[in-house]
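What follows is one structure encoded as structure tokens, with my remarks underneath.
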Amino acid sequence: MIQGWFGDDDELFFEIDLIAVNGLDLTVNVLLDTGFSGWLAINEQDLQGLDWIYVQTRLLRTAQGESDFDIYLGKVRIDEQEFEIPVHVGEFLTEVLLGRQWLKNQRLVVDMMSGVLTLG
């Protein structure tokens, strides 16, 4: 289980590791976005150095309209567990996003009154 924190506007943040093909990891803060139906979305700048494998391009509907996203096979570490997942890579993302696919195998606890935010 990982502990998260609330942002200034009550956003849900967690810390995870992006794992490059060469085994090096990059720790990043991610925003849990229940409006995003995938696993993880990153800006194309964040992809540099990870050397993840390109899979395909998909058209997705976003809050700004429809956009093309490149899908890569990526590896992340959450709570000391490694996962190989499809990663959406886009041009205009300002945050690294965790999507609601994680909620199919991880329990999310949000108790703002108590300041408790956990995933796992």
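Residue numbering restarts at 1 in every chain; chains get A, B, ... in the order shown in the structure tokens, and ligands count up from 1 in that same order.
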- Item | Tyr54 of chain A surroundings by only C-alpha atoms, 8 Å radius, close-in-sequence under 2 positions cut, as a list in words |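 Here the qualifying residues turn out to be Trp52, Gln56, Asp70, Ile71, Tyr72 and Leu73 of chain A.
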Which of chain A counts as helix (DSSP H, G or I) under DSSP, as a list in words please? Glu44, Gln45, Asp46, Leu47, Arg100, Gln101, Trp102, Leu103 and Lys104 of chain A
For this session: Measure the distance from atom CA of Ile78 of chain A to atom CA of Ile2 of chain A in Å and round it to one decimal.
Result: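 It comes out at 7.4 Å.
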Val28 of chain A proximity check over A:Val76, A:Val116, A:Val89, A:Val55, using only C-alpha atoms: winner is A:Val76
- Give me, please, the distance in Å between atom CA of Leu32 of chain A and atom CA of Leu12 of chain A, quoted to one decimal.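 Those two atoms sit 5.5 Å apart.
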Between atom CA of Asn43 of chain A and atom CA of Asn29 of chain A lies a distance of 13.1 Å
Where does DSSP see strand (DSSP E) in chain A, if you list the residues as number ranges by chain?
A: 2-3, 5-6, 12-19, 25-32, 40-43, 53-62, 65-78, 81-90, 96-98, 108-111, 116-119
